[in-house]
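*Asks:* Input: one structure, supplied below.
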Amino acid sequence: QGQFVESGGGLAQPGGSLRLTCHASRMITSTFNPLAFGWYRQTPGKQRELVAEIDYSGGTNYEDSVKGRFTISRDNSRKRVYLQMNNLKPDDTAAYYCNTPRAPGSWGLGTQVTVSS
């Protein structure tokens, strides 16, 4: 099992919502808390791209195509990072992963998001 366990993906209609969860199951809290985390997505034949990032203090950054639609958040006590995805579009279809952008560790299995009517 990788360092991160992603869940919450599935099939959604355009305009729908999904909430992804990343559990840093193998980290201890003192390691988790000061780290920045990011959600990435990847489609076949393309490079993995960072779509949302959150730093230790809760500051966030988003890739332009998801601004206003996606919200990243974190729960340090539960060692979890979330991605709330609203107003989903077919172009959001991808496998989604989480990791630490400053120094990426091993990748988890990801969670598949499919947006289709």
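Each chain in the structure tokens gets a letter, A, B and so on, in the order shown; residues start at 1 in every chain, and ligands are counted from 1 in the order they appear.
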Extract, using only C-alpha atoms, all DNA, RNA and protein residues at most 10 Å from stretch 73-82 of chain A, discarding same-chain residues fewer than 4 positions from it, and format them as a PyMOL selection string.
*Replies:* chain A and resi 4-8+19-34+36-39+52-60+98-99
*Asks:* Please return, as a PyMOL selection string, all residues of stretch 70-100 of chain A that DSSP assigns to strand (DSSP E or B) on the basis of the backbone.
*Replies:* chain A and resi 70-75+80-85+94-99
*Asks:* Within 10 Å of stretch 62-70 of chain A, counting only C-alpha atoms, which residues qualify if same-chain residues fewer than 4 places away don't, as a PDB file with N, CA and C atoms, in the first residue's frame?
*Replies:*
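Printed below is selection-v9.pdb as written:
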ATOM      1  N   SER A  17     -21.478  16.824  -8.550  1.00  0.00           N
ATOM      2  CA  SER A  17     -20.429  17.024  -7.547  1.00  0.00           C
ATOM      3  C   SER A  17     -19.895  15.686  -7.053  1.00  0.00           C
ATOM      4  N   LEU A  18     -18.647  15.709  -6.651  1.00  0.00           N
ATOM      5  CA  LEU A  18     -18.021  14.590  -5.966  1.00  0.00           C
ATOM      6  C   LEU A  18     -17.069  15.152  -4.927  1.00  0.00           C
ATOM      7  N   ARG A  19     -16.827  14.377  -3.881  1.00  0.00           N
ATOM      8  CA  ARG A  19     -15.861  14.762  -2.863  1.00  0.00           C
ATOM      9  C   ARG A  19     -14.824  13.660  -2.732  1.00  0.00           C
ATOM     10  N   GLY A  38      -1.177  18.272  -2.365  1.00  0.00           N
ATOM     11  CA  GLY A  38      -1.803  18.628  -3.625  1.00  0.00           C
ATOM     12  C   GLY A  38      -2.629  17.487  -4.177  1.00  0.00           C
ATOM     13  N   TRP A  39      -3.653  17.851  -4.927  1.00  0.00           N
ATOM     14  CA  TRP A  39      -4.409  16.886  -5.719  1.00  0.00           C
ATOM     15  C   TRP A  39      -3.954  17.013  -7.179  1.00  0.00           C
ATOM     16  N   GLU A  49      -1.037  16.250 -13.743  1.00  0.00           N
ATOM     17  CA  GLU A  49      -1.020  17.693 -13.504  1.00  0.00           C
ATOM     18  C   GLU A  49      -1.557  18.006 -12.115  1.00  0.00           C
ATOM     19  N   LEU A  50      -0.968  19.022 -11.512  1.00  0.00           N
ATOM     20  CA  LEU A  50      -1.402  19.483 -10.198  1.00  0.00           C
ATOM     21  C   LEU A  50      -2.592  20.413 -10.390  1.00  0.00           C
ATOM     22  N   VAL A  51      -3.709  20.115  -9.747  1.00  0.00           N
ATOM     23  CA  VAL A  51      -4.906  20.936  -9.932  1.00  0.00           C
ATOM     24  C   VAL A  51      -5.245  21.762  -8.702  1.00  0.00           C
ATOM     25  N   ALA A  52      -4.805  21.336  -7.528  1.00  0.00           N
ATOM     26  CA  ALA A  52      -5.115  22.085  -6.315  1.00  0.00           C
ATOM     27  C   ALA A  52      -4.044  21.789  -5.278  1.00  0.00           C
ATOM     28  N   GLU A  53      -3.724  22.799  -4.497  1.00  0.00           N
ATOM     29  CA  GLU A  53      -2.676  22.672  -3.491  1.00  0.00           C
ATOM     30  C   GLU A  53      -3.093  23.411  -2.224  1.00  0.00           C
ATOM     31  N   ILE A  54      -2.713  22.837  -1.080  1.00  0.00           N
ATOM     32  CA  ILE A  54      -2.995  23.489   0.192  1.00  0.00           C
ATOM     33  C   ILE A  54      -1.749  23.417   1.053  1.00  0.00           C
ATOM     34  N   LEU A  83     -10.945  17.016  -1.611  1.00  0.00           N
ATOM     35  CA  LEU A  83     -11.156  17.836  -2.797  1.00  0.00           C
ATOM     36  C   LEU A  83     -12.649  17.802  -3.113  1.00  0.00           C
ATOM     37  N   GLN A  84     -13.319  18.908  -2.830  1.00  0.00           N
ATOM     38  CA  GLN A  84     -14.725  19.051  -3.191  1.00  0.00           C
ATOM     39  C   GLN A  84     -14.793  19.559  -4.619  1.00  0.00           C
ATOM     40  N   MET A  85     -15.442  18.792  -5.465  1.00  0.00           N
ATOM     41  CA  MET A  85     -15.531  19.123  -6.889  1.00  0.00           C
ATOM     42  C   MET A  85     -16.985  19.386  -7.244  1.00  0.00           C
ATOM     43  N   ASN A  86     -17.278  20.607  -7.621  1.00  0.00           N
ATOM     44  CA  ASN A  86     -18.631  21.004  -8.008  1.00  0.00           C
ATOM     45  C   ASN A  86     -18.667  21.391  -9.481  1.00  0.00           C
ATOM     46  N   ASN A  87     -19.870  21.433 -10.031  1.00  0.00           N
ATOM     47  CA  ASN A  87     -20.055  21.808 -11.433  1.00  0.00           C
ATOM     48  C   ASN A  87     -19.078  21.043 -12.333  1.00  0.00           C
ATOM     49  N   LEU A  88     -19.062  19.745 -12.165  1.00  0.00           N
ATOM     50  CA  LEU A  88     -18.125  18.910 -12.905  1.00  0.00           C
ATOM     51  C   LEU A  88     -18.380  18.975 -14.400  1.00  0.00           C
ATOM     52  N   LYS A  89     -17.283  18.866 -15.145  1.00  0.00           N
ATOM     53  CA  LYS A  89     -17.327  18.896 -16.600  1.00  0.00           C
ATOM     54  C   LYS A  89     -16.704  17.616 -17.155  1.00  0.00           C
ATOM     55  N   ASP A  91     -14.345  17.277 -19.114  1.00  0.00           N
ATOM     56  CA  ASP A  91     -12.886  17.406 -19.108  1.00  0.00           C
ATOM     57  C   ASP A  91     -12.259  17.118 -17.754  1.00  0.00           C
ATOM     58  N   ASP A  92     -13.067  17.012 -16.705  1.00  0.00           N
ATOM     59  CA  ASP A  92     -12.549  16.651 -15.385  1.00  0.00           C
ATOM     60  C   ASP A  92     -12.344  15.144 -15.261  1.00  0.00           C
TER      61      ASP A  92
END
